[in-house]
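Data from protein_5.cif: mmCIF, C-alpha atoms and all ligand atoms
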data_data
loop_
_atom_site.group_PDB
_atom_site.id
_atom_site.type_symbol
_atom_site.label_atom_id
_atom_site.label_comp_id
_atom_site.auth_asym_id
_atom_site.auth_seq_id
_atom_site.Cartn_x
_atom_site.Cartn_y
_atom_site.Cartn_z
ATOM 1 C CA MET A 1 -39.086 98.351 -50.249
ATOM 2 C CA THR A 2 -42.368 100.058 -49.415
ATOM 3 C CA ALA A 3 -45.392 97.906 -48.594
ATOM 4 C CA ALA A 4 -48.347 97.505 -50.966
ATOM 5 C CA LEU A 5 -50.529 98.758 -48.113
ATOM 6 C CA GLU A 6 -49.534 100.222 -44.788
ATOM 7 C CA VAL A 7 -52.155 101.103 -42.173
ATOM 8 C CA ARG A 8 -50.932 102.888 -39.037
ATOM 9 C CA ASP A 9 -52.915 103.515 -35.858
ATOM 10 C CA LEU A 10 -56.219 104.057 -37.638
ATOM 11 C CA HIS A 11 -59.172 105.424 -35.686
ATOM 12 C CA ALA A 12 -62.666 105.667 -37.168
ATOM 13 C CA TYR A 13 -66.081 106.565 -35.799
ATOM 14 C CA TYR A 14 -69.728 106.248 -36.726
ATOM 15 C CA GLY A 15 -71.091 109.360 -35.062
ATOM 16 C CA GLU A 16 -69.941 109.130 -31.450
ATOM 17 C CA SER A 17 -69.236 105.415 -31.693
ATOM 18 C CA HIS A 18 -65.464 104.833 -31.688
ATOM 19 C CA VAL A 19 -65.283 101.713 -33.862
ATOM 20 C CA LEU A 20 -61.639 101.480 -34.986
ATOM 21 C CA GLN A 21 -59.362 102.079 -32.023
ATOM 22 C CA GLY A 22 -55.855 102.161 -33.463
ATOM 23 C CA VAL A 23 -55.607 99.562 -36.214
ATOM 24 C CA SER A 24 -52.213 98.895 -37.790
ATOM 25 C CA LEU A 25 -51.506 96.344 -40.487
ATOM 26 C CA ASP A 26 -49.186 95.785 -43.442
ATOM 27 C CA VAL A 27 -49.576 93.996 -46.722
ATOM 28 C CA PRO A 28 -46.181 93.465 -48.357
ATOM 29 C CA ARG A 29 -45.827 93.816 -52.118
ATOM 30 C CA GLY A 30 -46.955 90.592 -53.708
ATOM 31 C CA GLY A 31 -48.055 89.303 -50.300
ATOM 32 C CA ALA A 32 -51.387 87.970 -49.113
ATOM 33 C CA VAL A 33 -52.683 88.879 -45.674
ATOM 34 C CA SER A 34 -55.937 87.897 -43.979
ATOM 35 C CA LEU A 35 -57.998 89.843 -41.445
ATOM 36 C CA VAL A 36 -60.375 87.730 -39.397
ATOM 37 C CA GLY A 37 -62.763 88.370 -36.534
ATOM 38 C CA ARG A 38 -66.331 87.906 -35.442
ATOM 39 C CA ASN A 39 -69.426 89.789 -36.590
ATOM 40 C CA GLY A 40 -69.095 93.456 -35.728
ATOM 41 C CA ALA A 41 -65.353 93.266 -34.971
ATOM 42 C CA GLY A 42 -64.666 96.174 -37.326
ATOM 43 C CA LYS A 43 -63.393 94.371 -40.436
ATOM 44 C CA THR A 44 -65.609 96.162 -42.951
ATOM 45 C CA THR A 45 -64.998 99.461 -41.172
ATOM 46 C CA THR A 46 -61.257 98.888 -41.590
ATOM 47 C CA ILE A 47 -61.766 98.411 -45.324
ATOM 48 C CA SER A 48 -64.109 101.427 -45.466
ATOM 49 C CA ALA A 49 -61.504 103.595 -43.740
ATOM 50 C CA ILE A 50 -58.811 102.412 -46.171
ATOM 51 C CA VAL A 51 -60.817 103.005 -49.346
ATOM 52 C CA GLY A 52 -62.267 106.347 -48.268
ATOM 53 C CA PHE A 53 -65.882 105.478 -47.484
ATOM 54 C CA VAL A 54 -65.405 106.353 -43.803
ATOM 55 C CA PRO A 55 -62.813 109.099 -43.265
ATOM 56 C CA PRO A 56 -60.499 108.119 -40.396
ATOM 57 C CA ARG A 57 -60.147 110.620 -37.546
ATOM 58 C CA ALA A 58 -56.566 109.621 -36.859
ATOM 59 C CA GLY A 59 -53.886 107.398 -38.315
ATOM 60 C CA THR A 60 -52.519 106.933 -41.824
ATOM 61 C CA VAL A 61 -53.115 104.795 -44.887
ATOM 62 C CA SER A 62 -50.367 104.427 -47.509
ATOM 63 C CA VAL A 63 -50.603 102.587 -50.809
ATOM 64 C CA ALA A 64 -47.241 101.691 -52.346
ATOM 65 C CA GLY A 65 -45.667 104.445 -50.274
ATOM 66 C CA ARG A 66 -48.224 107.080 -51.221
ATOM 67 C CA ASP A 67 -50.255 108.641 -48.397
ATOM 68 C CA VAL A 68 -53.965 108.392 -49.247
ATOM 69 C CA THR A 69 -55.347 108.946 -45.727
ATOM 70 C CA GLY A 70 -58.877 110.305 -45.862
ATOM 71 C CA ARG A 71 -58.798 110.720 -49.629
ATOM 72 C CA ALA A 72 -61.939 110.203 -51.702
ATOM 73 C CA PRO A 73 -62.722 106.652 -52.921
ATOM 74 C CA ASN A 74 -61.864 107.469 -56.544
ATOM 75 C CA VAL A 75 -58.436 108.759 -55.483
ATOM 76 C CA VAL A 76 -57.702 105.634 -53.439
ATOM 77 C CA ALA A 77 -58.872 103.453 -56.326
ATOM 78 C CA ALA A 78 -56.656 105.360 -58.745
ATOM 79 C CA ALA A 79 -53.721 104.756 -56.385
ATOM 80 C CA GLY A 80 -54.172 101.037 -57.121
ATOM 81 C CA VAL A 81 -56.637 99.712 -54.532
ATOM 82 C CA GLY A 82 -59.241 97.305 -55.912
ATOM 83 C CA LEU A 83 -62.271 96.485 -53.755
ATOM 84 C CA VAL A 84 -64.483 93.400 -53.781
ATOM 85 C CA PRO A 85 -67.190 94.597 -51.393
ATOM 86 C CA GLN A 86 -69.081 92.562 -48.818
ATOM 87 C CA GLY A 87 -72.281 91.280 -50.418
ATOM 88 C CA ARG A 88 -70.653 91.419 -53.890
ATOM 89 C CA ARG A 89 -72.776 94.354 -55.180
ATOM 90 C CA VAL A 90 -73.037 93.025 -58.716
ATOM 91 C CA PHE A 91 -75.350 95.194 -60.831
ATOM 92 C CA ALA A 92 -78.543 93.136 -61.110
ATOM 93 C CA ASP A 93 -79.826 94.596 -64.372
ATOM 94 C CA LEU A 94 -76.511 94.573 -66.236
ATOM 95 C CA THR A 95 -75.070 91.551 -67.993
ATOM 96 C CA VAL A 96 -71.940 89.807 -66.786
ATOM 97 C CA ARG A 97 -70.057 91.349 -69.708
ATOM 98 C CA GLU A 98 -71.283 94.823 -68.749
ATOM 99 C CA ASN A 99 -70.549 94.303 -65.064
ATOM 100 C CA LEU A 100 -66.982 93.356 -65.957
ATOM 101 C CA THR A 101 -66.253 95.978 -68.603
ATOM 102 C CA LEU A 102 -68.184 99.142 -67.717
ATOM 103 C CA THR A 103 -65.849 100.217 -64.910
ATOM 104 C CA ALA A 104 -62.685 98.696 -66.424
ATOM 105 C CA ARG A 105 -59.513 100.713 -66.808
ATOM 106 C CA PRO A 106 -57.817 99.095 -69.797
ATOM 107 C CA ARG A 107 -54.039 99.175 -69.710
ATOM 108 C CA ALA A 108 -51.566 97.492 -72.039
ATOM 109 C CA GLY A 109 -50.451 94.243 -70.451
ATOM 110 C CA GLY A 110 -53.097 94.591 -67.751
ATOM 111 C CA TRP A 111 -56.312 92.735 -67.037
ATOM 112 C CA ASP A 112 -58.879 92.193 -69.765
ATOM 113 C CA LEU A 113 -61.985 90.092 -70.261
ATOM 114 C CA GLU A 114 -60.031 87.167 -71.657
ATOM 115 C CA ARG A 115 -57.795 87.005 -68.612
ATOM 116 C CA VAL A 116 -60.774 87.148 -66.230
ATOM 117 C CA LEU A 117 -62.424 84.299 -68.138
ATOM 118 C CA ALA A 118 -59.208 82.285 -67.904
ATOM 119 C CA LEU A 119 -59.378 82.743 -64.117
ATOM 120 C CA PHE A 120 -63.116 81.949 -63.962
ATOM 121 C CA PRO A 121 -63.923 79.786 -67.018
ATOM 122 C CA SER A 122 -67.532 79.193 -65.940
ATOM 123 C CA LEU A 123 -68.300 82.901 -66.490
ATOM 124 C CA GLY A 124 -67.635 82.410 -70.201
ATOM 125 C CA ARG A 125 -71.020 80.728 -70.600
ATOM 126 C CA ARG A 126 -72.770 83.474 -68.654
ATOM 127 C CA LEU A 127 -71.499 86.621 -70.344
ATOM 128 C CA GLU A 128 -74.894 87.723 -71.662
ATOM 129 C CA HIS A 129 -76.799 86.788 -68.493
ATOM 130 C CA ARG A 130 -77.937 89.513 -66.118
ATOM 131 C CA GLY A 131 -76.447 89.882 -62.670
ATOM 132 C CA ASP A 132 -79.677 88.777 -61.000
ATOM 133 C CA GLN A 133 -79.672 85.510 -62.964
ATOM 134 C CA LEU A 134 -76.390 84.387 -61.422
ATOM 135 C CA SER A 135 -75.722 82.086 -58.504
ATOM 136 C CA GLY A 136 -73.960 83.512 -55.448
ATOM 137 C CA GLY A 137 -70.707 81.899 -56.578
ATOM 138 C CA GLU A 138 -70.967 83.387 -60.055
ATOM 139 C CA GLN A 139 -71.733 86.795 -58.577
ATOM 140 C CA GLN A 140 -68.616 86.528 -56.437
ATOM 141 C CA MET A 141 -66.536 85.702 -59.509
ATOM 142 C CA VAL A 142 -68.006 88.729 -61.296
ATOM 143 C CA ALA A 143 -67.248 90.954 -58.291
ATOM 144 C CA ILE A 144 -63.630 89.754 -58.242
ATOM 145 C CA GLY A 145 -63.327 90.013 -62.027
ATOM 146 C CA ARG A 146 -64.757 93.530 -62.006
ATOM 147 C CA ALA A 147 -62.162 94.651 -59.465
ATOM 148 C CA LEU A 148 -59.338 93.014 -61.457
ATOM 149 C CA MET A 149 -60.459 94.786 -64.639
ATOM 150 C CA ARG A 150 -59.460 98.032 -62.908
ATOM 151 C CA ASP A 151 -55.916 96.693 -62.732
ATOM 152 C CA PRO A 152 -55.271 97.101 -59.003
ATOM 153 C CA SER A 153 -51.886 96.728 -57.346
ATOM 154 C CA ILE A 154 -53.643 95.437 -54.236
ATOM 155 C CA LEU A 155 -56.977 93.665 -53.979
ATOM 156 C CA LEU A 156 -59.190 94.062 -50.879
ATOM 157 C CA LEU A 157 -61.871 91.390 -50.489
ATOM 158 C CA ASP A 158 -64.578 91.610 -47.832
ATOM 159 C CA GLU A 159 -65.879 88.146 -46.888
ATOM 160 C CA PRO A 160 -65.958 86.656 -50.387
ATOM 161 C CA SER A 161 -66.978 83.254 -48.980
ATOM 162 C CA GLU A 162 -70.145 84.600 -47.333
ATOM 163 C CA GLY A 163 -73.158 82.532 -48.339
ATOM 164 C CA LEU A 164 -71.239 80.238 -50.692
ATOM 165 C CA ALA A 165 -71.325 76.434 -50.739
ATOM 166 C CA PRO A 166 -68.034 74.783 -49.692
ATOM 167 C CA LYS A 167 -67.134 73.816 -53.263
ATOM 168 C CA LEU A 168 -67.432 77.425 -54.383
ATOM 169 C CA VAL A 169 -65.445 78.642 -51.378
ATOM 170 C CA ASP A 170 -62.689 76.289 -52.581
ATOM 171 C CA GLU A 171 -62.938 77.725 -56.067
ATOM 172 C CA VAL A 172 -62.627 81.287 -54.781
ATOM 173 C CA GLY A 173 -59.645 80.148 -52.689
ATOM 174 C CA GLU A 174 -57.976 78.626 -55.769
ATOM 175 C CA ALA A 175 -58.469 81.863 -57.700
ATOM 176 C CA LEU A 176 -56.967 83.918 -54.861
ATOM 177 C CA LEU A 177 -53.972 81.589 -54.634
ATOM 178 C CA ARG A 178 -53.436 81.987 -58.370
ATOM 179 C CA LEU A 179 -53.585 85.765 -58.056
ATOM 180 C CA ARG A 180 -51.156 85.601 -55.157
ATOM 181 C CA GLY A 181 -48.881 83.435 -57.299
ATOM 182 C CA GLU A 182 -48.960 86.090 -59.993
ATOM 183 C CA GLY A 183 -47.713 88.655 -57.498
ATOM 184 C CA LEU A 184 -50.903 90.563 -56.758
ATOM 185 C CA ALA A 185 -51.032 91.852 -53.177
ATOM 186 C CA ILE A 186 -54.169 90.739 -51.326
ATOM 187 C CA LEU A 187 -55.961 91.765 -48.133
ATOM 188 C CA LEU A 188 -58.600 89.135 -47.462
ATOM 189 C CA VAL A 189 -61.245 89.842 -44.827
ATOM 190 C CA GLU A 190 -62.931 86.623 -43.744
ATOM 191 C CA GLN A 191 -64.885 84.819 -41.084
ATOM 192 C CA ASN A 192 -64.002 81.531 -42.775
ATOM 193 C CA LEU A 193 -60.785 80.698 -40.919
ATOM 194 C CA ALA A 194 -59.872 77.814 -43.235
ATOM 195 C CA LEU A 195 -59.969 80.095 -46.271
ATOM 196 C CA ALA A 196 -58.202 82.915 -44.433
ATOM 197 C CA THR A 197 -55.294 80.690 -43.379
ATOM 198 C CA ARG A 198 -55.056 78.999 -46.763
ATOM 199 C CA VAL A 199 -54.732 82.265 -48.672
ATOM 200 C CA GLY A 200 -53.031 84.505 -46.127
ATOM 201 C CA GLU A 201 -49.305 84.174 -45.449
ATOM 202 C CA ARG A 202 -50.019 86.268 -42.393
ATOM 203 C CA VAL A 203 -53.216 86.555 -40.365
ATOM 204 C CA TYR A 204 -54.471 89.452 -38.261
ATOM 205 C CA VAL A 205 -57.224 88.832 -35.737
ATOM 206 C CA MET A 206 -59.472 91.759 -34.889
ATOM 207 C CA ASN A 207 -61.800 92.178 -31.932
ATOM 208 C CA LYS A 208 -63.783 95.268 -30.942
ATOM 209 C CA GLY A 209 -61.855 97.516 -33.283
ATOM 210 C CA VAL A 210 -58.342 96.482 -32.276
ATOM 211 C CA ILE A 211 -55.862 93.937 -33.647
ATOM 212 C CA VAL A 212 -55.450 91.314 -30.933
ATOM 213 C CA PHE A 213 -53.147 88.903 -32.778
ATOM 214 C CA SER A 214 -50.868 88.846 -35.777
ATOM 215 C CA GLY A 215 -48.819 85.922 -37.021
ATOM 216 C CA THR A 216 -48.486 83.154 -39.557
ATOM 217 C CA PRO A 217 -51.279 80.586 -39.985
ATOM 218 C CA ASP A 218 -49.130 78.091 -38.048
ATOM 219 C CA GLU A 219 -48.649 80.543 -35.205
ATOM 220 C CA LEU A 220 -52.396 81.159 -35.103
ATOM 221 C CA ALA A 221 -53.130 77.428 -35.081
ATOM 222 C CA ALA A 222 -50.768 77.111 -32.111
ATOM 223 C CA SER A 223 -52.557 79.951 -30.279
ATOM 224 C CA THR A 224 -55.602 77.999 -29.225
ATOM 225 C CA ASP A 225 -56.515 80.689 -26.681
ATOM 226 C CA VAL A 226 -56.719 83.328 -29.445
ATOM 227 C CA GLU A 227 -58.842 81.029 -31.604
ATOM 228 C CA ALA A 228 -61.146 80.193 -28.722
ATOM 229 C CA ARG A 229 -61.501 83.722 -27.410
ATOM 230 C CA TYR A 230 -61.861 85.732 -30.608
ATOM 231 C CA LEU A 231 -62.866 83.297 -33.320
ATOM 232 C CA GLY A 232 -65.087 80.826 -31.510
ATOM 233 C CA VAL A 233 -62.995 77.852 -32.696
HETATM 234 N N1 LIG A 301 -73.022 102.510 -40.873
HETATM 235 C C1 LIG A 301 -72.880 102.251 -39.578
HETATM 236 N N2 LIG A 301 -73.366 103.098 -38.625
HETATM 237 C C2 LIG A 301 -73.197 102.848 -37.311
HETATM 238 N N3 LIG A 301 -72.565 101.776 -36.821
HETATM 239 C C3 LIG A 301 -72.058 100.889 -37.699
HETATM 240 C C4 LIG A 301 -72.198 101.082 -39.112
HETATM 241 N N4 LIG A 301 -71.585 100.033 -39.742
HETATM 242 C C5 LIG A 301 -71.117 99.241 -38.767
HETATM 243 N N5 LIG A 301 -71.391 99.746 -37.539
HETATM 244 C C6 LIG A 301 -70.976 99.177 -36.236
HETATM 245 O O1 LIG A 301 -69.557 99.179 -36.204
HETATM 246 C C7 LIG A 301 -69.049 97.976 -35.637
HETATM 247 C C8 LIG A 301 -68.129 97.285 -36.625
HETATM 248 O O2 LIG A 301 -68.896 96.880 -37.754
HETATM 249 P P1 LIG A 301 -68.258 96.250 -39.058
HETATM 250 O O3 LIG A 301 -69.310 96.265 -40.106
HETATM 251 O O4 LIG A 301 -66.978 96.928 -39.357
HETATM 252 O O5 LIG A 301 -67.978 94.759 -38.566
HETATM 253 P P2 LIG A 301 -67.463 93.487 -39.379
HETATM 254 O O6 LIG A 301 -66.280 92.961 -38.646
HETATM 255 O O7 LIG A 301 -67.309 93.816 -40.799
HETATM 256 O O8 LIG A 301 -68.669 92.438 -39.180
HETATM 257 P P3 LIG A 301 -69.300 91.347 -40.195
HETATM 258 O O9 LIG A 301 -68.387 90.156 -40.129
HETATM 259 O O10 LIG A 301 -70.634 91.053 -39.617
HETATM 260 O O11 LIG A 301 -69.374 91.949 -41.573
HETATM 261 C C9 LIG A 301 -70.271 97.159 -35.239
HETATM 262 O O12 LIG A 301 -70.529 97.406 -33.899
HETATM 263 C C10 LIG A 301 -71.374 97.719 -36.110
HETATM 264 O O13 LIG A 301 -72.621 97.585 -35.485
HETATM 265 MG MG MG A 302 -68.234 93.188 -42.516
#
For the file at hand, write its structure as structure tokens.
Amino acid sequence: MTAALEVRDLHAYYGESHVLQGVSLDVPRGGAVSLVGRNGAGKTTTISAIVGFVPPRAGTVSVAGRDVTGRAPNVVAAAGVGLVPQGRRVFADLTVRENLTLTARPRAGGWDLERVLALFPSLGRRLEHRGDQLSGGEQQMVAIGRALMRDPSILLLDEPSEGLAPKLVDEVGEALLRLRGEGLAILLVEQNLALATRVGERVYVMNKGVIVFSGTPDELAASTDVEARYLGV
């Protein structure tokens, strides 16, 4: 069976700066995979190269067996890739309801507002509040809900725990585990190793634009040298 996402030997540049130097990773269908690494390791660039914000100079990206390498962001999104961007990017002057519904792609049996509110009940009380009236945790829920409303086959999340209190990080983790349980494929980019290993069935460690480790959370925990060298544990 083809993978939900297959990245092969991806190279990407900012100008002359060779940031991604041959990144390969796989997210199986219905599987959850985490990508961890320090500031500047190349995690966001990996996501940008997958979704079409930064065209890769070499390598391939396939979504459910379909080659989308270097395609425009709307094409990659239409192929089934949902993005929860770093920093959440919730529209400040739109309400929660508008943030969730304006970019939705309704499909019979797919995600709708009711299902998002079942995942994040606290948003139900905030539907008519503007994006800039929300806490960081609520904004993160809106960002995840907005991506789900486009009915992705794989969800990419870029540091969803950033700036959140531990209780809210737990809540985001619970939601991701529920989504994983429902069979949604997930690529979780994180610096929070506890969250990354709780959600991911497999963990990739990135450093200076290359994957330096891949294994299960248990295998990572046993690799104290990897944790010390690349994750500062
Ligand atoms: N728009 C850009 N133009 C030039 N260089 C960039 C740009 N964005 C990122 N970089 C550089 O590319 C490298 C990888 O950055 P990237 O944002 O992918 O890291 P990251 O792993 O997501 O880090 P963080 O955890 O801080 O978000 C860094 O050296 C960074 O300074
Ligand atoms: Mg980043």
Who sits within 7 Å of A:Asp26, all atoms listed in the file, same chain under 3 positions skipped, as a ChimeraX atom specification: /A:3,5-7
For A:Val19, the nearest of the candidates A:His129, A:Arg180, A:Lys208, A:Arg66, counting only C-alpha atoms: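 Closest residue, counting only C-alpha atoms: A:Lys208.
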Within 8 Å of ligand LIG 301 (chain A) (only C-alpha atoms and all ligand atoms), residues as a list in words: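 The residues near ligand LIG 301 (chain A) are Tyr14, Gly15, Ser17, Val19, Leu20, Val36, Gly37, Arg38, Asn39, Gly40, Ala41, Gly42, Lys43, Thr44, Thr45, Thr46, Gln86, Asp158, Glu159, Glu190, Gln191, Met206, Lys208 and Gly209 of chain A.
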Reference answer for the PyMOL selection byres (((chain A and resi 71-78) around 10) and not hetatm), as a PyMOL selection string: chain A and resi 48-56+61-63+66-70+79-83+105+147+150-154
Please produce a file of those selected residues containing C-alpha atoms, as a PDB file, in the frame of the given file.
ATOM      1  CA  SER A  48     -64.109 101.427 -45.466  1.00  0.00           C
ATOM      2  CA  ALA A  49     -61.504 103.595 -43.740  1.00  0.00           C
ATOM      3  CA  ILE A  50     -58.811 102.412 -46.171  1.00  0.00           C
ATOM      4  CA  VAL A  51     -60.817 103.005 -49.346  1.00  0.00           C
ATOM      5  CA  GLY A  52     -62.267 106.347 -48.268  1.00  0.00           C
ATOM      6  CA  PHE A  53     -65.882 105.478 -47.484  1.00  0.00           C
ATOM      7  CA  VAL A  54     -65.405 106.353 -43.803  1.00  0.00           C
ATOM      8  CA  PRO A  55     -62.813 109.099 -43.265  1.00  0.00           C
ATOM      9  CA  PRO A  56     -60.499 108.119 -40.396  1.00  0.00           C
ATOM     10  CA  VAL A  61     -53.115 104.795 -44.887  1.00  0.00           C
ATOM     11  CA  SER A  62     -50.367 104.427 -47.509  1.00  0.00           C
ATOM     12  CA  VAL A  63     -50.603 102.587 -50.809  1.00  0.00           C
ATOM     13  CA  ARG A  66     -48.224 107.080 -51.221  1.00  0.00           C
ATOM     14  CA  ASP A  67     -50.255 108.641 -48.397  1.00  0.00           C
ATOM     15  CA  VAL A  68     -53.965 108.392 -49.247  1.00  0.00           C
ATOM     16  CA  THR A  69     -55.347 108.946 -45.727  1.00  0.00           C
ATOM     17  CA  GLY A  70     -58.877 110.305 -45.862  1.00  0.00           C
ATOM     18  CA  ALA A  79     -53.721 104.756 -56.385  1.00  0.00           C
ATOM     19  CA  GLY A  80     -54.172 101.037 -57.121  1.00  0.00           C
ATOM     20  CA  VAL A  81     -56.637  99.712 -54.532  1.00  0.00           C
ATOM     21  CA  GLY A  82     -59.241  97.305 -55.912  1.00  0.00           C
ATOM     22  CA  LEU A  83     -62.271  96.485 -53.755  1.00  0.00           C
ATOM     23  CA  ARG A 105     -59.513 100.713 -66.808  1.00  0.00           C
ATOM     24  CA  ALA A 147     -62.162  94.651 -59.465  1.00  0.00           C
ATOM     25  CA  ARG A 150     -59.460  98.032 -62.908  1.00  0.00           C
ATOM     26  CA  ASP A 151     -55.916  96.693 -62.732  1.00  0.00           C
ATOM     27  CA  PRO A 152     -55.271  97.101 -59.003  1.00  0.00           C
ATOM     28  CA  SER A 153     -51.886  96.728 -57.346  1.00  0.00           C
ATOM     29  CA  ILE A 154     -53.643  95.437 -54.236  1.00  0.00           C
TER      30      ILE A 154
END
The PyMOL selection byres (((chain A and resi 139) around 12) and not hetatm) resolved against shown file, as number ranges by chain: A: 84-92, 94-96, 99-100, 120, 122-123, 126-127, 129-138, 140-146, 160-164, 168, 172
Minimum-distance residue to ligand MG 302 (chain A), chosen among A:Leu179, A:Ile47, A:Ala64, A:Leu184 (using only C-alpha atoms and all ligand atoms): A:Ile47
Nearest residue to ligand MG 302 (chain A) from the set A:Leu157, A:Ala221, A:Arg178, A:Met1 (distances using all atoms listed in the file):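 Residue with the minimum atom-to-atom distance to ligand MG 302 (chain A): A:Leu157.
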Since the input is missing atoms for stretch 113-120 of chain A, could you rebuild it with all heavy atoms and give the result as a JSON list (two decimals), in the coordinates of the input?
[["chain", "number", "residue", "atom", "x", "y", "z"],
["A", 113, "LEU", "N", -60.91, 91.08, -70.40],
["A", 113, "LEU", "CA", -61.98, 90.09, -70.26],
["A", 113, "LEU", "C", -61.45, 88.67, -70.41],
["A", 113, "LEU", "O", -61.82, 87.76, -69.66],
["A", 113, "LEU", "CB", -63.06, 90.39, -71.31],
["A", 113, "LEU", "CG", -64.40, 89.67, -71.14],
["A", 113, "LEU", "CD1", -65.01, 89.96, -69.79],
["A", 113, "LEU", "CD2", -65.35, 90.10, -72.26],
["A", 114, "GLU", "N", -60.57, 88.50, -71.38],
["A", 114, "GLU", "CA", -60.03, 87.17, -71.66],
["A", 114, "GLU", "C", -59.31, 86.60, -70.43],
["A", 114, "GLU", "O", -59.45, 85.42, -70.09],
["A", 114, "GLU", "CB", -59.07, 87.31, -72.84],
["A", 114, "GLU", "CG", -58.69, 86.02, -73.50],
["A", 114, "GLU", "CD", -57.66, 86.25, -74.61],
["A", 114, "GLU", "OE1", -57.52, 87.40, -75.10],
["A", 114, "GLU", "OE2", -56.99, 85.27, -74.96],
["A", 115, "ARG", "N", -58.57, 87.45, -69.78],
["A", 115, "ARG", "CA", -57.80, 87.00, -68.61],
["A", 115, "ARG", "C", -58.72, 86.68, -67.44],
["A", 115, "ARG", "O", -58.48, 85.73, -66.68],
["A", 115, "ARG", "CB", -56.78, 88.10, -68.24],
["A", 115, "ARG", "CG", -55.64, 87.60, -67.41],
["A", 115, "ARG", "CD", -54.52, 88.60, -67.40],
["A", 115, "ARG", "NE", -53.73, 88.46, -66.18],
["A", 115, "ARG", "CZ", -53.02, 89.44, -65.63],
["A", 115, "ARG", "NH1", -53.00, 90.64, -66.20],
["A", 115, "ARG", "NH2", -52.35, 89.22, -64.53],
["A", 116, "VAL", "N", -59.80, 87.45, -67.28],
["A", 116, "VAL", "CA", -60.77, 87.15, -66.23],
["A", 116, "VAL", "C", -61.46, 85.81, -66.52],
["A", 116, "VAL", "O", -61.66, 84.99, -65.61],
["A", 116, "VAL", "CB", -61.82, 88.28, -66.10],
["A", 116, "VAL", "CG1", -62.97, 87.85, -65.20],
["A", 116, "VAL", "CG2", -61.16, 89.55, -65.55],
["A", 117, "LEU", "N", -61.77, 85.56, -67.79],
["A", 117, "LEU", "CA", -62.42, 84.30, -68.14],
["A", 117, "LEU", "C", -61.48, 83.11, -68.00],
["A", 117, "LEU", "O", -61.92, 81.99, -67.75],
["A", 117, "LEU", "CB", -63.00, 84.37, -69.56],
["A", 117, "LEU", "CG", -64.10, 85.41, -69.75],
["A", 117, "LEU", "CD1", -64.62, 85.40, -71.18],
["A", 117, "LEU", "CD2", -65.26, 85.20, -68.77],
["A", 118, "ALA", "N", -60.18, 83.36, -68.14],
["A", 118, "ALA", "CA", -59.21, 82.28, -67.90],
["A", 118, "ALA", "C", -59.16, 81.94, -66.42],
["A", 118, "ALA", "O", -58.97, 80.78, -66.03],
["A", 118, "ALA", "CB", -57.83, 82.70, -68.41],
["A", 119, "LEU", "N", -59.37, 82.96, -65.57],
["A", 119, "LEU", "CA", -59.38, 82.74, -64.12],
["A", 119, "LEU", "C", -60.69, 82.07, -63.68],
["A", 119, "LEU", "O", -60.69, 81.21, -62.80],
["A", 119, "LEU", "CB", -59.21, 84.09, -63.40],
["A", 119, "LEU", "CG", -59.08, 84.09, -61.88],
["A", 119, "LEU", "CD1", -57.78, 83.39, -61.44],
["A", 119, "LEU", "CD2", -59.11, 85.53, -61.34],
["A", 120, "PHE", "N", -61.78, 82.49, -64.29],
["A", 120, "PHE", "CA", -63.12, 81.95, -63.96],
["A", 120, "PHE", "C", -63.81, 81.45, -65.23],
["A", 120, "PHE", "O", -64.72, 82.11, -65.75],
["A", 120, "PHE", "CB", -63.98, 83.03, -63.31],
["A", 120, "PHE", "CG", -63.46, 83.56, -62.02],
["A", 120, "PHE", "CD1", -63.19, 84.91, -61.87],
["A", 120, "PHE", "CD2", -63.26, 82.73, -60.92],
["A", 120, "PHE", "CE1", -62.72, 85.42, -60.67],
["A", 120, "PHE", "CE2", -62.78, 83.23, -59.71],
["A", 120, "PHE", "CZ", -62.51, 84.58, -59.59]]
